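One file, protein.tsv, carrying TSV, C-alpha atoms:
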```tsv
chain	number	residue	atom	x	y	z
M	1	MET	CA	44.25	31.18	12.64
M	2	GLY	CA	43.18	31.04	8.96
M	3	ALA	CA	39.79	30.11	7.60
M	4	GLU	CA	39.31	26.36	7.95
M	5	VAL	CA	38.70	24.15	4.94
M	6	LEU	CA	35.37	22.33	5.07
M	7	ASN	CA	35.47	18.69	6.17
M	8	THR	CA	32.73	16.44	4.87
M	9	TYR	CA	32.48	14.06	7.80
M	10	THR	CA	33.68	14.88	11.28
M	11	LEU	CA	32.82	14.59	14.93
M	12	GLU	CA	33.25	18.30	15.57
M	13	LYS	CA	31.84	20.89	13.19
M	14	THR	CA	34.08	23.73	12.12
M	15	LEU	CA	32.77	27.28	12.36
M	16	SER	CA	32.23	27.34	8.59
M	17	GLU	CA	30.23	24.11	8.71
M	18	LYS	CA	28.07	25.42	11.54
M	19	VAL	CA	27.30	28.57	9.57
M	20	LEU	CA	26.58	26.64	6.37
M	21	GLY	CA	24.28	24.33	8.32
M	22	ILE	CA	22.30	27.27	9.66
M	23	ILE	CA	22.06	28.78	6.17
M	24	ALA	CA	20.74	25.51	4.77
M	25	GLU	CA	18.32	25.04	7.68
M	26	THR	CA	16.84	28.53	7.60
M	27	GLY	CA	16.96	29.31	3.87
M	28	MET	CA	19.03	32.41	4.56
M	29	THR	CA	21.31	33.60	1.75
M	30	LYS	CA	24.93	34.63	2.18
M	31	ALA	CA	23.91	38.16	1.29
M	32	GLU	CA	21.38	38.21	4.15
M	33	LEU	CA	23.95	36.76	6.54
M	34	ALA	CA	26.46	39.41	5.47
M	35	ILE	CA	24.00	42.17	6.28
M	36	GLN	CA	23.26	40.63	9.67
M	37	ILE	CA	26.92	40.48	10.73
M	38	ASN	CA	27.83	43.76	8.99
M	39	TYR	CA	30.30	42.30	6.49
M	40	SER	CA	30.35	42.28	2.69
M	41	ARG	CA	28.82	39.32	0.90
M	42	SER	CA	32.14	38.57	-0.83
M	43	ALA	CA	34.00	38.44	2.51
M	44	VAL	CA	31.45	36.02	3.98
M	45	SER	CA	31.52	33.85	0.84
M	46	GLN	CA	35.33	33.75	0.80
M	47	TYR	CA	35.50	32.73	4.45
M	48	LEU	CA	32.92	29.98	4.09
M	49	ARG	CA	34.77	28.63	1.06
M	50	GLY	CA	38.09	28.61	2.92
M	51	LYS	CA	39.55	31.33	0.70
M	52	TYR	CA	39.63	34.30	3.09
M	53	SER	CA	43.06	35.91	2.67
M	54	SER	CA	42.84	38.59	5.40
M	55	ASP	CA	43.19	38.12	9.15
M	56	PRO	CA	40.01	36.12	9.97
M	57	ALA	CA	39.87	36.99	13.67
M	58	ASP	CA	37.19	39.69	13.36
M	59	ILE	CA	34.94	37.87	10.89
M	60	GLU	CA	35.25	34.66	12.93
M	61	GLU	CA	34.16	36.56	16.01
M	62	ALA	CA	31.13	37.92	14.12
M	63	LEU	CA	30.21	34.52	12.71
M	64	ALA	CA	30.70	32.82	16.08
M	65	GLY	CA	28.29	35.36	17.56
M	66	PHE	CA	25.79	34.59	14.81
M	67	VAL	CA	26.06	30.84	15.52
M	68	LYS	CA	25.75	31.37	19.28
M	69	GLU	CA	22.65	33.50	18.81
M	70	HIS	CA	21.07	30.86	16.56
M	71	GLU	CA	21.90	28.03	18.96
M	72	ALA	CA	20.47	30.03	21.87
M	73	LYS	CA	17.23	30.50	19.92
M	74	ILE	CA	17.08	26.76	19.13
M	75	GLN	CA	17.73	25.93	22.78
M	76	ALA	CA	15.01	28.34	23.88
M	77	ASP	CA	12.54	26.76	21.45
M	78	ASN	CA	13.66	23.21	22.36
M	79	PRO	CA	14.92	23.22	25.95
M	80	ASP	CA	15.43	19.44	25.96
M	81	ALA	CA	17.53	19.43	22.78
M	82	LYS	CA	21.17	18.44	23.05
M	83	GLU	CA	24.02	19.37	20.79
M	84	ASN	CA	24.32	16.90	17.94
M	85	THR	CA	27.78	15.35	17.91
M	86	VAL	CA	26.83	12.52	15.53
M	87	PRO	CA	28.93	12.41	12.34
M	88	PHE	CA	27.24	14.27	9.53
M	89	LEU	CA	27.33	15.20	5.86
M	90	LYS	CA	27.39	18.87	4.96
M	91	PRO	CA	23.79	20.12	4.52
M	92	LYS	CA	22.78	20.80	0.95
M	93	ILE	CA	22.63	24.45	-0.09
M	94	GLN	CA	18.99	25.51	-0.25
M	95	TYR	CA	19.50	28.66	-2.31
M	96	PHE	CA	22.67	28.50	-4.39
M	97	GLU	CA	23.78	31.96	-5.50
M	98	SER	CA	24.65	31.10	-9.07
M	99	ARG	CA	24.92	33.65	-11.88
M	100	ASP	CA	21.33	32.82	-12.87
M	101	PHE	CA	20.08	33.18	-9.29
M	102	LEU	CA	21.69	36.59	-8.83
M	103	GLN	CA	20.59	37.91	-12.23
M	104	THR	CA	16.99	36.76	-11.67
M	105	ILE	CA	16.91	38.38	-8.23
M	106	GLY	CA	18.42	41.50	-9.78
M	107	VAL	CA	15.68	41.77	-12.42
M	108	CYS	CA	13.00	41.38	-9.75
M	109	ARG	CA	14.60	43.99	-7.50
M	110	SER	CA	15.00	46.48	-10.36
M	111	CYS	CA	11.42	46.04	-11.52
M	112	GLN	CA	10.12	46.50	-7.98
M	113	GLU	CA	12.22	49.58	-7.27
M	114	ASP	CA	11.62	51.25	-10.65
M	115	MET	CA	8.01	50.07	-11.21
M	116	ALA	CA	9.30	48.53	-14.42
M	117	LEU	CA	8.32	45.60	-16.63
M	118	GLY	CA	10.70	42.66	-16.94
M	119	ILE	CA	10.79	39.25	-18.58
M	120	ILE	CA	12.69	36.16	-17.42
M	121	VAL	CA	12.88	33.06	-19.60
M	122	ALA	CA	14.40	29.67	-18.91
M	123	LYS	CA	14.18	26.06	-19.94
M	124	SER	CA	12.43	23.74	-17.52
M	125	GLY	CA	14.62	22.72	-14.59
M	126	TYR	CA	16.98	25.70	-14.66
M	127	GLY	CA	15.80	27.01	-11.27
M	128	LYS	CA	13.67	29.96	-12.42
M	129	THR	CA	10.62	29.19	-10.28
M	130	HIS	CA	12.73	28.26	-7.24
M	131	THR	CA	14.44	31.66	-7.40
M	132	LEU	CA	11.26	33.63	-8.04
M	133	LYS	CA	9.57	32.00	-5.05
M	134	LYS	CA	12.57	32.97	-2.94
M	135	TYR	CA	12.19	36.62	-3.98
M	136	ALA	CA	8.43	36.39	-3.41
M	137	LYS	CA	9.15	36.14	0.32
M	138	MET	CA	10.18	39.80	0.24
M	139	PRO	CA	7.67	42.47	1.39
M	140	ARG	CA	5.13	43.76	-1.15
M	141	VAL	CA	5.63	40.96	-3.65
M	142	ALA	CA	2.68	39.08	-5.15
M	143	TYR	CA	3.52	35.79	-6.87
M	144	ILE	CA	1.22	33.98	-9.30
M	145	GLU	CA	2.04	30.59	-10.83
M	146	CYS	CA	-0.11	30.06	-13.91
M	147	ASP	CA	-1.33	26.88	-15.58
M	148	ASP	CA	-3.00	25.90	-18.82
M	149	THR	CA	-6.51	25.78	-17.33
M	150	MET	CA	-6.57	29.40	-16.18
M	151	ALA	CA	-9.29	31.63	-17.61
M	152	CYS	CA	-9.25	35.44	-17.41
M	153	ARG	CA	-11.44	35.36	-14.30
M	154	ASP	CA	-9.07	32.85	-12.64
M	155	LEU	CA	-6.07	35.08	-13.31
M	156	VAL	CA	-7.81	38.12	-11.85
M	157	GLU	CA	-8.88	36.15	-8.78
M	158	ALA	CA	-5.34	34.85	-8.25
M	159	ILE	CA	-3.99	38.41	-8.24
M	160	GLU	CA	-6.75	39.56	-5.87
M	161	ASN	CA	-5.90	36.74	-3.46
M	162	GLN	CA	-2.17	37.49	-3.52
M	163	ILE	CA	-2.58	41.18	-2.71
M	164	GLY	CA	-5.14	40.46	0.01
M	165	MET	CA	-8.23	41.97	-1.54
M	166	PRO	CA	-11.53	40.92	0.11
M	167	LYS	CA	-13.02	37.76	-1.33
M	168	GLY	CA	-16.45	37.80	-2.83
M	169	SER	CA	-16.26	41.41	-4.04
M	170	GLY	CA	-17.47	40.15	-7.42
M	171	GLY	CA	-18.34	42.23	-10.43
M	172	THR	CA	-17.25	42.01	-14.04
M	173	ILE	CA	-13.64	41.35	-14.95
M	174	TRP	CA	-13.31	45.00	-16.00
M	175	ARG	CA	-14.50	46.23	-12.57
M	176	ARG	CA	-12.25	43.78	-10.73
M	177	VAL	CA	-9.20	44.76	-12.78
M	178	ASN	CA	-9.94	48.42	-12.00
M	179	ARG	CA	-9.98	47.62	-8.29
M	180	ILE	CA	-6.59	45.90	-8.66
M	181	ARG	CA	-5.24	49.00	-10.41
M	182	ASP	CA	-6.62	51.20	-7.64
M	183	PHE	CA	-4.95	48.98	-5.04
M	184	PHE	CA	-1.53	49.25	-6.66
M	185	ASN	CA	-1.88	53.00	-7.12
M	186	ALA	CA	-2.75	53.41	-3.45
M	187	ASN	CA	-0.02	51.00	-2.29
M	188	GLU	CA	3.13	51.85	-4.24
M	189	GLY	CA	6.21	49.64	-4.16
M	190	TYR	CA	4.60	46.35	-5.14
M	191	LEU	CA	6.02	43.78	-7.53
M	192	LEU	CA	3.70	41.38	-9.33
M	193	ILE	CA	5.41	38.18	-10.53
M	194	ILE	CA	3.54	36.16	-13.16
M	195	ASP	CA	5.34	32.82	-13.42
M	196	GLU	CA	4.69	30.22	-16.15
M	197	ALA	CA	3.18	33.08	-18.17
M	198	ASP	CA	3.66	31.13	-21.41
M	199	LYS	CA	0.72	28.98	-20.27
M	200	LEU	CA	-1.58	32.01	-20.49
M	201	MET	CA	-1.19	32.19	-24.26
M	202	ASN	CA	-2.63	29.98	-26.95
M	203	LYS	CA	-3.53	30.33	-30.62
M	204	TYR	CA	-7.08	31.37	-29.77
M	205	THR	CA	-6.60	34.22	-27.30
M	206	LEU	CA	-4.09	36.62	-25.75
M	207	LYS	CA	-6.64	38.28	-23.48
M	208	LYS	CA	-4.98	37.16	-20.25
M	209	MET	CA	-1.71	38.78	-21.25
M	210	GLU	CA	-3.58	41.93	-22.24
M	211	ILE	CA	-5.06	42.06	-18.71
M	212	ILE	CA	-1.52	42.06	-17.30
M	213	ARG	CA	-0.41	44.75	-19.75
M	214	GLY	CA	-3.41	46.88	-18.81
M	215	ILE	CA	-2.59	46.60	-15.10
M	216	PHE	CA	0.99	47.68	-15.78
M	217	ASP	CA	-0.02	50.60	-18.01
M	218	GLN	CA	-2.44	52.09	-15.51
M	219	SER	CA	-0.85	51.21	-12.16
M	220	ASP	CA	2.19	52.16	-10.11
M	221	VAL	CA	3.48	48.59	-9.94
M	222	GLY	CA	6.46	46.62	-11.18
M	223	ILE	CA	5.74	43.41	-13.05
M	224	VAL	CA	7.95	40.44	-13.92
M	225	ILE	CA	6.60	37.85	-16.33
M	226	ALA	CA	8.46	34.56	-16.52
M	227	GLY	CA	8.20	31.37	-18.49
M	228	GLU	CA	9.82	28.95	-20.89
M	229	PRO	CA	11.58	30.23	-24.03
M	230	ARG	CA	8.42	30.26	-26.16
M	231	LEU	CA	7.18	33.12	-23.96
M	232	GLU	CA	9.78	35.42	-25.50
M	233	THR	CA	8.88	34.29	-29.02
M	234	GLU	CA	5.15	34.75	-28.47
M	235	ILE	CA	5.59	38.23	-27.04
M	236	LYS	CA	7.84	39.39	-29.88
M	237	THR	CA	5.52	37.88	-32.50
M	238	ASN	CA	2.01	38.45	-31.16
M	239	LEU	CA	2.29	41.03	-28.38
M	240	VAL	CA	4.27	43.89	-29.85
M	241	ARG	CA	2.79	46.41	-27.41
M	242	PHE	CA	3.99	44.19	-24.58
M	243	ALA	CA	7.47	43.81	-26.09
M	244	ASN	CA	7.82	47.57	-26.52
M	245	ARG	CA	7.31	48.10	-22.80
M	246	MET	CA	10.00	45.67	-21.59
M	247	ASP	CA	12.61	47.38	-19.41
M	248	PHE	CA	14.56	44.33	-18.19
M	249	TYR	CA	15.27	40.93	-19.71
M	250	TYR	CA	17.21	37.87	-18.62
M	251	LYS	CA	17.49	34.38	-20.06
M	252	LEU	CA	18.88	31.79	-17.65
M	253	LYS	CA	22.06	30.18	-18.97
M	254	GLY	CA	22.38	27.18	-16.68
M	255	LEU	CA	25.26	26.28	-14.39
M	256	SER	CA	28.88	26.58	-15.46
M	257	ALA	CA	31.28	23.78	-14.59
M	258	GLN	CA	32.80	25.96	-11.86
M	259	GLU	CA	29.37	26.67	-10.40
M	260	VAL	CA	28.66	22.94	-10.22
M	261	LYS	CA	31.91	22.50	-8.28
M	262	ASP	CA	31.00	25.40	-5.99
M	263	TYR	CA	27.55	23.90	-5.38
M	264	LEU	CA	29.14	20.57	-4.43
M	265	GLU	CA	31.98	22.08	-2.40
M	266	GLY	CA	32.49	20.36	0.93
M	267	TYR	CA	31.59	16.86	-0.31
M	268	ASP	CA	34.23	14.19	-0.93
M	269	ILE	CA	33.74	13.53	-4.66
M	270	ASP	CA	36.20	11.70	-6.89
M	271	GLU	CA	37.00	13.01	-10.38
M	272	PRO	CA	34.76	10.67	-12.44
M	273	ALA	CA	31.81	11.39	-10.16
M	274	MET	CA	32.40	15.15	-10.41
M	275	ALA	CA	32.52	14.89	-14.20
M	276	GLU	CA	29.18	13.07	-14.10
M	277	PHE	CA	27.64	15.74	-11.88
M	278	ILE	CA	28.82	18.41	-14.33
M	279	SER	CA	27.36	16.46	-17.25
M	280	ARG	CA	24.01	16.19	-15.49
M	281	ALA	CA	23.96	19.94	-15.06
M	282	GLN	CA	25.15	20.83	-18.55
M	283	ASN	CA	24.42	18.19	-21.20
M	284	THR	CA	22.33	19.62	-24.02
M	285	GLN	CA	19.53	17.03	-23.91
M	286	THR	CA	18.51	16.67	-20.27
M	287	GLY	CA	21.08	18.65	-18.29
M	288	CYS	CA	19.79	21.21	-15.79
M	289	PHE	CA	19.98	22.32	-12.17
M	290	ARG	CA	16.98	20.15	-11.26
M	291	LEU	CA	18.65	16.94	-12.47
M	292	LEU	CA	21.84	17.82	-10.60
M	293	ASP	CA	19.86	18.57	-7.44
M	294	ARG	CA	17.76	15.39	-7.62
M	295	THR	CA	20.90	13.32	-8.12
M	296	LEU	CA	22.56	14.96	-5.12
M	297	ASN	CA	19.47	14.32	-2.96
M	298	ASN	CA	19.63	10.60	-3.70
M	299	VAL	CA	23.41	10.47	-3.29
M	300	LEU	CA	23.10	11.99	0.19
M	301	ARG	CA	20.40	9.45	1.14
M	302	ILE	CA	22.65	6.59	0.07
M	303	LEU	CA	25.67	7.96	1.93
M	304	LYS	CA	23.68	8.52	5.13
M	305	ASP	CA	22.20	5.02	4.98
M	306	SER	CA	25.58	3.39	4.34
M	307	GLY	CA	27.61	5.52	6.73
M	308	LYS	CA	30.00	6.43	3.92
M	309	THR	CA	31.21	9.82	2.73
M	310	LYS	CA	32.96	9.22	-0.59
M	311	VAL	CA	30.93	9.99	-3.72
M	312	THR	CA	31.93	7.65	-6.54
M	313	MET	CA	30.38	6.63	-9.85
M	314	LYS	CA	29.01	3.55	-8.08
M	315	VAL	CA	27.11	5.79	-5.64
M	316	ILE	CA	25.80	7.95	-8.51
M	317	SER	CA	24.68	4.79	-10.34
M	318	GLN	CA	22.80	3.72	-7.23
M	319	ALA	CA	21.26	7.20	-6.99
M	320	SER	CA	20.20	7.04	-10.64
M	321	SER	CA	18.43	3.73	-10.09
M	322	MET	CA	16.12	5.57	-7.69
M	323	MET	CA	15.11	8.07	-10.40
M	324	MET	CA	12.82	7.80	-13.41
M	325	PRO	CA	14.95	7.18	-16.52
```

Have the structure of the file written as structure tokens, please.
Amino acid sequence: MGAEVLNTYTLEKTLSEKVLGIIAETGMTKAELAIQINYSRSAVSQYLRGKYSSDPADIEEALAGFVKEHEAKIQADNPDAKENTVPFLKPKIQYFESRDFLQTIGVCRSCQEDMALGIIVAKSGYGKTHTLKKYAKMPRVAYIECDDTMACRDLVEAIENQIGMPKGSGGTIWRRVNRIRDFFNANEGYLLIIDEADKLMNKYTLKKMEIIRGIFDQSDVGIVIAGEPRLETEIKTNLVRFANRMDFYYKLKGLSAQEVKDYLEGYDIDEPAMAEFISRAQNTQTGCFRLLDRTLNNVLRILKDSGKTKVTMKVISQASSMMMP
């Protein structure tokens, strides 16, 4: 029997739908699932998209075992729970493996493995922070999200907290930075992610960025700094010593039209509505992943409340009325 095409609304979930539901529920990626069932990521992705050209018997057996194991765990945790046979809409993908997602993860992995320095830049809403926080769940990763109010001492304290250094150790910033360096040198394999790093720079001082550069220069640690496009400009213009040390660079490009369709695969969407989704992801003024995702969230609420499954321009208009213009 071939791989089954996803149905949006049905009384009985297909194997693909069950697997996609578990992925959405747990935050697991297809790559992680592939490792767990000992298949390639491409094979798993092809099967779940209904495009698996080989004999699916073996992969279906592996996926069925994965589903059974998950359901057994749920049943053990909730002995009174019963199988849900109520009609449903396909769960939204929590971590969509777009080109930008995979490239961002790749920069983080390379910097961690090679103790290298990388920079990731993206416009607001492109999914940079969402992806970085996903990678930050990996072992030996410290994630810092900066803001405009941070002073040098605040930055140092945030790093201390993320790597688990004892609170209240005190001392001057110089002494505390030295302890951070000592920690990384004694605990190799760490990655330090500094997100929203553009907020650390202003026309009066670059000291906070120099602290990060100093940690990198004198520690066995990989560092990824990330922010909006002005981060790249500021580094090239005002932080030449930082720019000279960059090993990896990626600028998020946003979703392609095909990626939007892949993200929405499994929903019953008519052509005008799909064109609108693509526009919300790609238009040059406000288009981004965040706008697409927010629209989809509201569309799914409306469909669930109405008991319908078809996404039309009328439904998108209703969804838009729930959002700030």

Distance criterion (all atoms listed in the file): nearest to Gly189 in chain M out of M:Lys137, M:Arg109, M:Lys128, M:Arg230: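 Of M:Lys137, M:Arg109, M:Lys128, M:Arg230, the one nearest Gly189 in chain M is M:Arg109, counting all atoms listed in the file.
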
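The interatomic distance for the pair CA of Ser16 in chain M and CA of Ser279 in chain M works out to 28.5 Å.
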
Exercise: range 153-164 of chain M partners within 8 Å, only C-alpha atoms, chain neighbours under 5 positions left out, as a list in words: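 Skipping anything fewer than 5 positions along the chain leaves Ala142, Tyr143, Ile144, Cys146, Ile173, Arg176, Val177, Ile180 and Lys208 of chain M.
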
Selection near range 17-34 of chain M, 6 Å with all atoms listed in the file, sequence-local residues under 5 positions removed, as a PyMOL selection string: chain M and resi 39-41+91+93-94

Who sits within 9 Å of range 303-306 of chain M, only C-alpha atoms, same chain under 4 positions skipped, as a list of chain:residue names: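 So the residues in contact are M:Phe88, M:Leu89, M:Asn298, M:Val299, M:Lys310, M:Val311, M:Val315.
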
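Pairwise distance (CA of Asn185 in chain M, CA of Phe216 in chain M) equals 10.6 Å.
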
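Distance-wise, CA of Ile223 in chain M and CA of Glu113 in chain M end up 10.7 Å apart.
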